[in-house]
>>> print(open('entry.cif').read())   # mmCIF, C-alpha atoms and all ligand atoms
data_model
#
loop_
_atom_site.label_atom_id
_atom_site.label_comp_id
_atom_site.auth_asym_id
_atom_site.auth_seq_id
_atom_site.Cartn_x
_atom_site.Cartn_y
_atom_site.Cartn_z
CA MET A 1 11.43 14.55 -26.72
CA THR A 2 8.63 14.03 -24.26
CA TYR A 3 7.93 11.09 -22.00
CA GLN A 4 5.59 9.91 -19.26
CA VAL A 5 6.89 8.33 -16.09
CA ILE A 6 5.55 5.59 -13.85
CA ILE A 7 6.70 6.02 -10.27
CA PRO A 8 6.23 2.98 -8.03
CA ALA A 9 5.73 4.31 -4.48
CA ALA A 10 3.58 1.55 -2.99
CA GLY A 11 6.20 -0.28 -0.95
CA GLN A 12 6.32 -0.52 2.81
CA GLY A 13 9.98 0.24 3.43
CA LYS A 14 10.46 -2.83 5.61
CA ARG A 15 14.27 -2.82 5.35
CA MET A 16 14.40 0.86 6.34
CA GLY A 17 12.53 -0.06 9.52
CA ALA A 18 11.07 3.42 10.00
CA GLY A 19 7.64 2.10 10.98
CA LYS A 20 6.12 3.83 7.96
CA ASN A 21 6.68 4.13 4.23
CA LYS A 22 10.32 5.32 3.88
CA LEU A 23 9.16 7.77 1.19
CA LEU A 24 7.63 9.87 3.97
CA LEU A 25 11.00 10.31 5.72
CA GLU A 26 12.38 13.82 5.32
CA LEU A 27 15.68 14.98 3.84
CA ASN A 28 16.36 18.68 4.46
CA GLY A 29 12.79 18.95 5.74
CA VAL A 30 11.22 17.63 2.52
CA PRO A 31 9.82 14.07 2.13
CA VAL A 32 11.82 11.69 -0.06
CA LEU A 33 8.75 11.25 -2.28
CA ILE A 34 8.67 14.98 -3.04
CA HIS A 35 12.41 15.13 -3.77
CA THR A 36 11.84 12.49 -6.45
CA LEU A 37 8.64 13.97 -7.90
CA ARG A 38 10.21 17.45 -8.13
CA VAL A 39 12.79 16.23 -10.62
CA PHE A 40 10.02 15.25 -13.04
CA GLU A 41 7.81 18.21 -12.16
CA GLU A 42 10.67 20.50 -13.19
CA ASP A 43 11.64 18.58 -16.34
CA GLU A 44 9.68 20.14 -19.21
CA ALA A 45 10.06 16.90 -21.24
CA CYS A 46 7.91 15.04 -18.69
CA THR A 47 4.25 15.21 -19.70
CA GLY A 48 2.76 13.21 -16.84
CA MET A 49 3.47 11.03 -13.84
CA ILE A 50 1.55 7.92 -12.86
CA LEU A 51 2.01 7.05 -9.22
CA ALA A 52 1.41 3.60 -7.74
CA ILE A 53 0.56 3.98 -4.07
CA HIS A 54 -0.49 1.88 -1.11
CA PRO A 55 -4.11 2.63 -0.09
CA GLN A 56 -2.97 3.37 3.49
CA ASP A 57 -0.75 6.23 2.19
CA GLU A 58 -3.36 7.76 -0.13
CA MET A 59 -4.53 10.63 2.11
CA GLU A 60 -1.05 11.63 3.19
CA PHE A 61 0.39 11.46 -0.34
CA LYS A 62 -2.46 13.56 -1.74
CA GLU A 63 -1.89 16.18 0.92
CA LEU A 64 1.83 16.29 0.05
CA LEU A 65 1.09 16.70 -3.68
CA ASN A 66 -1.05 19.72 -2.80
CA LYS A 67 1.35 21.17 -0.27
CA TYR A 68 4.33 21.02 -2.63
CA ASN A 69 2.38 22.00 -5.78
CA VAL A 70 3.06 18.82 -7.70
CA THR A 71 0.82 19.26 -10.75
CA LYS A 72 1.93 16.58 -13.21
CA VAL A 73 0.47 13.50 -11.47
CA ILE A 74 -2.16 12.37 -13.98
CA ASN A 75 -3.07 9.14 -12.24
CA LEU A 76 -2.84 7.49 -8.83
CA VAL A 77 -3.20 3.72 -9.04
CA PRO A 78 -3.27 1.13 -6.25
CA GLY A 79 -0.01 -0.72 -5.77
CA GLY A 80 0.23 -4.51 -5.88
CA GLU A 81 1.91 -7.21 -3.83
CA GLU A 82 5.30 -6.74 -5.52
CA ARG A 83 6.87 -3.73 -7.27
CA GLN A 84 6.18 -5.44 -10.60
CA HIS A 85 2.45 -5.69 -9.84
CA SER A 86 2.37 -1.99 -8.92
CA ILE A 87 3.91 -1.09 -12.27
CA TYR A 88 1.56 -3.46 -14.09
CA ASN A 89 -1.40 -1.57 -12.59
CA ALA A 90 0.10 1.74 -13.65
CA LEU A 91 0.75 0.51 -17.19
CA GLN A 92 -2.94 -0.32 -17.64
CA THR A 93 -3.72 3.39 -17.55
CA VAL A 94 -1.24 4.34 -20.30
CA LYS A 95 -3.03 4.61 -23.61
CA ASN A 96 -1.00 6.33 -26.33
CA ASP A 97 2.36 5.11 -27.62
CA GLY A 98 5.61 6.98 -27.09
CA THR A 99 8.25 6.70 -24.41
CA ILE A 100 7.62 5.61 -20.85
CA LEU A 101 10.05 5.73 -17.96
CA VAL A 102 9.84 3.71 -14.77
CA HIS A 103 11.56 5.33 -11.81
CA ASP A 104 11.58 4.22 -8.17
CA ALA A 105 10.22 6.85 -5.82
CA ALA A 106 13.01 5.76 -3.46
CA ARG A 107 15.73 7.21 -5.79
CA PRO A 108 15.50 10.95 -5.12
CA PHE A 109 18.88 11.91 -6.60
CA ILE A 110 18.23 11.31 -10.29
CA GLN A 111 19.10 14.35 -12.40
CA LYS A 112 17.64 15.83 -15.55
CA GLY A 113 20.74 15.34 -17.71
CA GLN A 114 20.73 11.61 -17.05
CA ILE A 115 17.02 11.38 -17.86
CA GLN A 116 17.63 13.19 -21.12
CA ARG A 117 20.43 10.86 -22.22
CA LEU A 118 18.34 7.83 -21.26
CA THR A 119 15.19 8.91 -23.11
CA GLU A 120 17.22 9.73 -26.22
CA LYS A 121 18.72 6.24 -26.21
CA ALA A 122 15.32 4.59 -25.64
CA ARG A 123 13.88 6.60 -28.51
CA GLU A 124 16.60 5.18 -30.77
CA THR A 125 16.53 1.57 -29.60
CA GLY A 126 13.19 0.90 -27.86
CA ALA A 127 14.70 0.07 -24.46
CA ALA A 128 17.42 1.71 -22.36
CA ILE A 129 18.44 1.54 -18.73
CA ILE A 130 20.79 3.52 -16.56
CA GLY A 131 23.55 1.98 -14.48
CA VAL A 132 27.15 2.20 -13.31
CA PRO A 133 30.12 -0.16 -13.73
CA ALA A 134 30.62 -2.45 -10.73
CA LYS A 135 33.42 -1.19 -8.47
CA ASP A 136 33.91 -4.14 -6.15
CA THR A 137 35.37 -7.51 -7.00
CA MET A 138 32.39 -9.76 -7.55
CA LYS A 139 32.22 -13.39 -6.49
CA LYS A 140 29.61 -16.05 -6.89
CA VAL A 141 28.99 -17.74 -3.53
CA GLN A 142 27.10 -20.90 -2.65
CA ASP A 143 26.58 -22.23 0.89
CA GLY A 144 29.19 -19.84 2.27
CA VAL A 145 31.88 -20.87 -0.22
CA VAL A 146 33.17 -18.98 -3.25
CA VAL A 147 32.28 -20.77 -6.45
CA GLU A 148 33.83 -18.32 -8.86
CA THR A 149 35.27 -14.81 -9.24
CA VAL A 150 33.12 -13.18 -11.88
CA GLU A 151 34.85 -11.04 -14.53
CA ARG A 152 34.09 -7.52 -13.28
CA SER A 153 34.57 -5.58 -16.49
CA SER A 154 31.28 -6.90 -17.88
CA LEU A 155 29.23 -6.23 -14.72
CA TRP A 156 27.06 -3.17 -14.15
CA ALA A 157 24.95 -2.18 -11.19
CA VAL A 158 21.61 -1.19 -12.64
CA GLN A 159 19.41 1.64 -11.38
CA THR A 160 16.25 3.41 -12.44
CA PRO A 161 14.96 5.18 -14.47
CA GLN A 162 14.52 2.57 -17.17
CA ALA A 163 12.97 3.79 -20.43
CA PHE A 164 10.97 1.95 -23.06
CA ARG A 165 8.69 2.28 -26.04
CA ILE A 166 5.29 1.99 -24.34
CA SER A 167 3.98 -0.86 -26.51
CA LEU A 168 7.17 -2.88 -25.87
CA LEU A 169 6.93 -2.51 -22.10
CA GLN A 170 3.23 -3.40 -22.14
CA GLU A 171 3.96 -6.54 -24.17
CA ALA A 172 6.76 -7.49 -21.75
CA TYR A 173 4.52 -7.04 -18.71
CA GLU A 174 1.69 -9.07 -20.30
CA LYS A 175 4.07 -11.92 -21.10
CA ALA A 176 5.52 -11.87 -17.58
CA LYS A 177 1.99 -12.07 -16.20
CA ILE A 178 1.06 -15.03 -18.41
CA ASP A 179 4.30 -16.83 -17.46
CA ALA A 180 4.02 -15.86 -13.76
CA PHE A 181 7.55 -14.44 -14.04
CA VAL A 182 8.59 -11.89 -11.44
CA GLY A 183 11.79 -9.99 -12.18
CA THR A 184 13.79 -7.56 -10.10
CA ASP A 185 13.66 -4.78 -12.69
CA ASP A 186 11.64 -3.78 -15.74
CA ALA A 187 14.33 -4.48 -18.31
CA SER A 188 14.49 -8.15 -17.29
CA LEU A 189 10.90 -8.50 -18.54
CA VAL A 190 11.83 -6.93 -21.89
CA GLU A 191 14.92 -9.17 -22.13
CA ARG A 192 12.54 -12.16 -22.05
CA LEU A 193 11.12 -10.94 -25.38
CA HIS A 194 14.67 -11.24 -26.79
CA GLN A 195 14.74 -7.50 -27.35
CA PRO A 196 18.06 -5.68 -26.95
CA VAL A 197 18.27 -3.33 -23.96
CA SER A 198 20.86 -0.51 -24.17
CA ILE A 199 22.72 0.77 -21.14
CA VAL A 200 23.54 4.40 -20.46
CA GLU A 201 26.24 5.22 -17.91
CA GLY A 202 24.71 7.06 -14.99
CA ASP A 203 25.96 8.38 -11.70
CA TYR A 204 27.02 6.57 -8.51
CA ASP A 205 25.01 9.00 -6.41
CA ASN A 206 21.68 7.90 -7.89
CA ILE A 207 21.25 5.63 -4.86
CA LYS A 208 18.09 3.88 -3.75
CA LEU A 209 17.21 4.54 -0.13
CA THR A 210 16.84 1.01 1.17
CA THR A 211 18.40 0.56 4.63
CA PRO A 212 18.99 3.12 7.45
CA GLU A 213 22.65 3.80 6.55
CA ASP A 214 21.53 5.01 3.12
CA LEU A 215 20.15 8.08 4.92
CA TYR A 216 23.73 9.11 5.84
CA PHE A 217 24.77 8.85 2.20
CA ALA A 218 21.68 10.84 1.25
CA GLU A 219 22.61 13.69 3.62
CA ALA A 220 26.13 13.74 2.17
CA ILE A 221 24.83 13.87 -1.43
CA LEU A 222 22.49 16.75 -0.54
CA LYS A 223 25.35 18.66 1.12
CA LYS A 224 27.58 18.15 -1.90
CA ARG A 225 24.85 19.45 -4.22
CA GLU A 226 24.18 22.49 -2.03
CA LYS A 227 27.88 23.39 -2.24
CA GLU A 228 27.79 22.99 -6.04
CA PHE A 229 24.92 25.49 -6.22
CA CYS A 230 26.71 28.09 -4.05
N1 LIG B 301 7.22 -0.53 -4.59
C1 LIG B 301 5.92 -0.53 -5.08
N2 LIG B 301 5.10 -1.59 -4.83
C2 LIG B 301 5.51 -2.65 -4.11
C3 LIG B 301 6.83 -2.67 -3.61
C4 LIG B 301 7.67 -1.60 -3.86
O1 LIG B 301 5.51 0.42 -5.74
N3 LIG B 301 4.66 -3.66 -3.87
C5 LIG B 301 8.09 0.64 -4.82
C6 LIG B 301 8.69 1.25 -3.56
O2 LIG B 301 7.78 2.20 -2.99
C7 LIG B 301 9.99 1.87 -4.05
C8 LIG B 301 10.36 0.99 -5.26
O3 LIG B 301 9.21 0.21 -5.57
O4 LIG B 301 9.82 3.21 -4.49
C9 LIG B 301 11.56 0.12 -4.97
O5 LIG B 301 11.25 -0.81 -3.96
P1 LIG B 301 12.04 -1.00 -2.58
O6 LIG B 301 13.26 -0.16 -2.55
O7 LIG B 301 12.15 -2.46 -2.35
O8 LIG B 301 11.04 -0.32 -1.51
P2 LIG B 301 10.10 -1.05 -0.46
O9 LIG B 301 9.46 -2.23 -1.09
O10 LIG B 301 9.23 0.02 0.10
O11 LIG B 301 11.16 -1.50 0.65
P3 LIG B 301 11.30 -2.94 1.34
O12 LIG B 301 11.52 -3.92 0.21
O13 LIG B 301 12.48 -2.80 2.25
O14 LIG B 301 10.01 -3.21 2.08
MG MG B 302 10.67 -3.89 -1.78
#
>>> encode(input="entry.cif", output="structure tokens")
Amino acid sequence: MTYQVIIPAAGQGKRMGAGKNKLLLELNGVPVLIHTLRVFEEDEACTGMILAIHPQDEMEFKELLNKYNVTKVINLVPGGEERQHSIYNALQTVKNDGTILVHDAARPFIQKGQIQRLTEKARETGAAIIGVPAKDTMKKVQDGVVVETVERSSLWAVQTPQAFRISLLQEAYEKAKIDAFVGTDDASLVERLHQPVSIVEGDYDNIKLTTPEDLYFAEAILKKREKEFC
């Protein structure tokens, strides 16, 4: 069961406030970007990665791909204004049909088993995403006042990767472009085609590195995994 993966990496990491793309920050001496790419490099089911990058990062990223022997990047495309535009650019380079994953470069802790379960589900249904049940009590708030306590049992926090039949994702992205719709994930574009999207239960440690405190969590996750390997 093979797949290709689009990896949006063209952000600026403004909320991380590191003064550079957060994907260049190091965890255990290795850049976040490389932690993420290694998962796909080492997964034999992955036949190719398409990376969306910011032109200002191009030289540095290329050097890192060489240094860490990342061989499966088949295309580097320029990123766009928003994440969605970066992925749109990447999708233009995908020709054959099959399964495509979209995975944020800023989520370095994704694991092969989860990718496998996700791609299997997408193969069956056309669209599948990974997520975890919400743990906190969730409330809808307006102007500083609670409007409603939302029933938690039906709420999931959604992550990447998200997996799709290629033609379905391309159709969804074209429609979003025509309608000038910008969503916060890929599945929301597919939902607009009234296509069912399945959810696969993932892992709470598949965090996205967004703000500085996420780096503490990242160190803890790495330590836990090192212990598991010993
Ligand atoms: N991304 C992208 N193109 C953009 C914006 C984001 O490819 N125009 C990528 C980021 O590099 C990241 C993923 O999309 O891997 C998720 O985005 P986010 O966590 O928001 O990262 P940044 O946009 O870099 O961070 P910020 O929003 O804080 O600036
Ligand atoms: Mg962003």
>>> residues_near_ligand(input="entry.cif", ligand="ligand MG 302 (chain B)", cutoff="7 Å", atoms="all atoms listed in the file", output="list in words")
Gly11, Gly13 and Arg83 of chain A
>>> closest_residue(input="entry.cif", among="A:Glu58, A:Glu228, A:Asp186, A:Glu201", to="A:His85", atoms="only C-alpha atoms")
A:Asp186
>>> closest_atom_pairs(input="entry.cif", of="chain A", to="ligand LIG 301 (chain B)", cutoff="7 Å", atoms="only C-alpha atoms and all ligand atoms", output="tab-separated table")
residue	atom	partner	partner_atom	distance
A:Pro8	CA	B:LIG301	O1	3.5
A:Ala9	CA	B:LIG301	O2	3.3
A:Ala10	CA	B:LIG301	O1	3.5
A:Gly11	CA	B:LIG301	O10	3.2
A:Gln12	CA	B:LIG301	O10	4.0
A:Gly13	CA	B:LIG301	O10	3.4
A:Lys14	CA	B:LIG301	O14	3.6
A:Arg15	CA	B:LIG301	O13	3.6
A:Met16	CA	B:LIG301	O13	5.8
A:Asn21	CA	B:LIG301	O10	6.4
A:Lys22	CA	B:LIG301	O10	6.6
A:Ala52	CA	B:LIG301	O1	5.6
A:Ile53	CA	B:LIG301	O1	6.3
A:Gly79	CA	B:LIG301	N2	5.3
A:Gly80	CA	B:LIG301	N3	4.9
A:Glu81	CA	B:LIG301	N3	4.5
A:Glu82	CA	B:LIG301	N3	3.6
A:Arg83	CA	B:LIG301	C2	3.6
A:His85	CA	B:LIG301	N3	6.7
A:Ser86	CA	B:LIG301	N2	4.9
A:Ile87	CA	B:LIG301	O1	6.9
A:Asp104	CA	B:LIG301	O4	4.2
A:Ala105	CA	B:LIG301	O4	3.9
A:Ala106	CA	B:LIG301	O4	4.2
A:Lys208	CA	B:LIG301	O6	6.4
A:Leu209	CA	B:LIG301	O6	6.6
A:Thr210	CA	B:LIG301	O6	5.3
>>> closest_residue(input="entry.cif", among="A:Leu64, A:Val132, A:Val32, A:Leu101", to="A:Ala45", atoms="only C-alpha atoms")
A:Leu101
>>> closest_residue(input="entry.cif", among="A:Asp43, A:Asp185, A:Asp203, A:Asp214", to="A:Ile130", atoms="only C-alpha atoms")
A:Asp203
>>> atom_distance(input="entry.cif", atom1="atom CA of A:Gln170", atom2="atom CA of A:Val5")
13.7 Å
>>> atom_distance(input="entry.cif", atom1="atom CA of A:Phe61", atom2="atom CA of A:Glu213")
24.5 Å
>>> residues_around(input="entry.cif", residues="A:Arg165", least_positions_apart="5", cutoff="9 Å", atoms="only C-alpha atoms", output="ChimeraX atom specification")
/A:97-101,122-123,125-127,170
>>> atom_distance(input="entry.cif", atom1="atom CA of A:Leu37", atom2="atom CA of A:Lys177")
28.1 Å
>>> closest_residue(input="entry.cif", among="A:Lys227, A:Val190, A:Val158, A:Met1", to="A:Tyr204", atoms="all atoms listed in the file")
A:Val158
>>> residues_around(input="entry.cif", residues="A:Ile34", least_positions_apart="4", cutoff="9 Å", atoms="only C-alpha atoms", output="number ranges by chain")
A: 23-24, 30, 38-39, 64-65, 68, 70, 105, 108
>>> closest_residue(input="entry.cif", among="A:Asn96, A:Leu222, A:Leu155, A:Glu191", to="A:Ser167", atoms="only C-alpha atoms")
A:Asn96
>>> residues_near_point(input="entry.cif", point="(2.7, 3.5, -14.9)", cutoff="7 Å", atoms="only C-alpha atoms", output="list in words")
Val5, Ile6, Ile7, Ile50, Leu51, Ile87, Asn89, Ala90, Leu91, Thr93 and Val94 of chain A
>>> closest_residue(input="entry.cif", among="A:Asp179, A:Glu124, A:Glu148, A:Asp57", to="A:Leu193", atoms="only C-alpha atoms")
A:Asp179
>>> residues_around(input="entry.cif", residues="A:Glu174", least_positions_apart="5", cutoff="10 Å", atoms="all atoms listed in the file", output="list in words")
Tyr88, Leu168, Leu169, Asp179, Ala180 and Leu189 of chain A
>>> write_last_selection(input="entry.cif", atoms="C-alpha atoms", output="PDB file, keeping the file's coordinate frame")
ATOM      1  CA  TYR A  88       1.560  -3.460 -14.090  1.00  0.00           C
ATOM      2  CA  LEU A 168       7.170  -2.880 -25.870  1.00  0.00           C
ATOM      3  CA  LEU A 169       6.930  -2.510 -22.100  1.00  0.00           C
ATOM      4  CA  ASP A 179       4.300 -16.830 -17.460  1.00  0.00           C
ATOM      5  CA  ALA A 180       4.020 -15.860 -13.760  1.00  0.00           C
ATOM      6  CA  LEU A 189      10.900  -8.500 -18.540  1.00  0.00           C
TER       7      LEU A 189
END
>>> residues_around(input="entry.cif", residues="A:Ala128", least_positions_apart="3", cutoff="9 Å", atoms="all atoms listed in the file", output="MDAnalysis selection string")
chainID A and resid 118:123 125 161:164 187 196:200
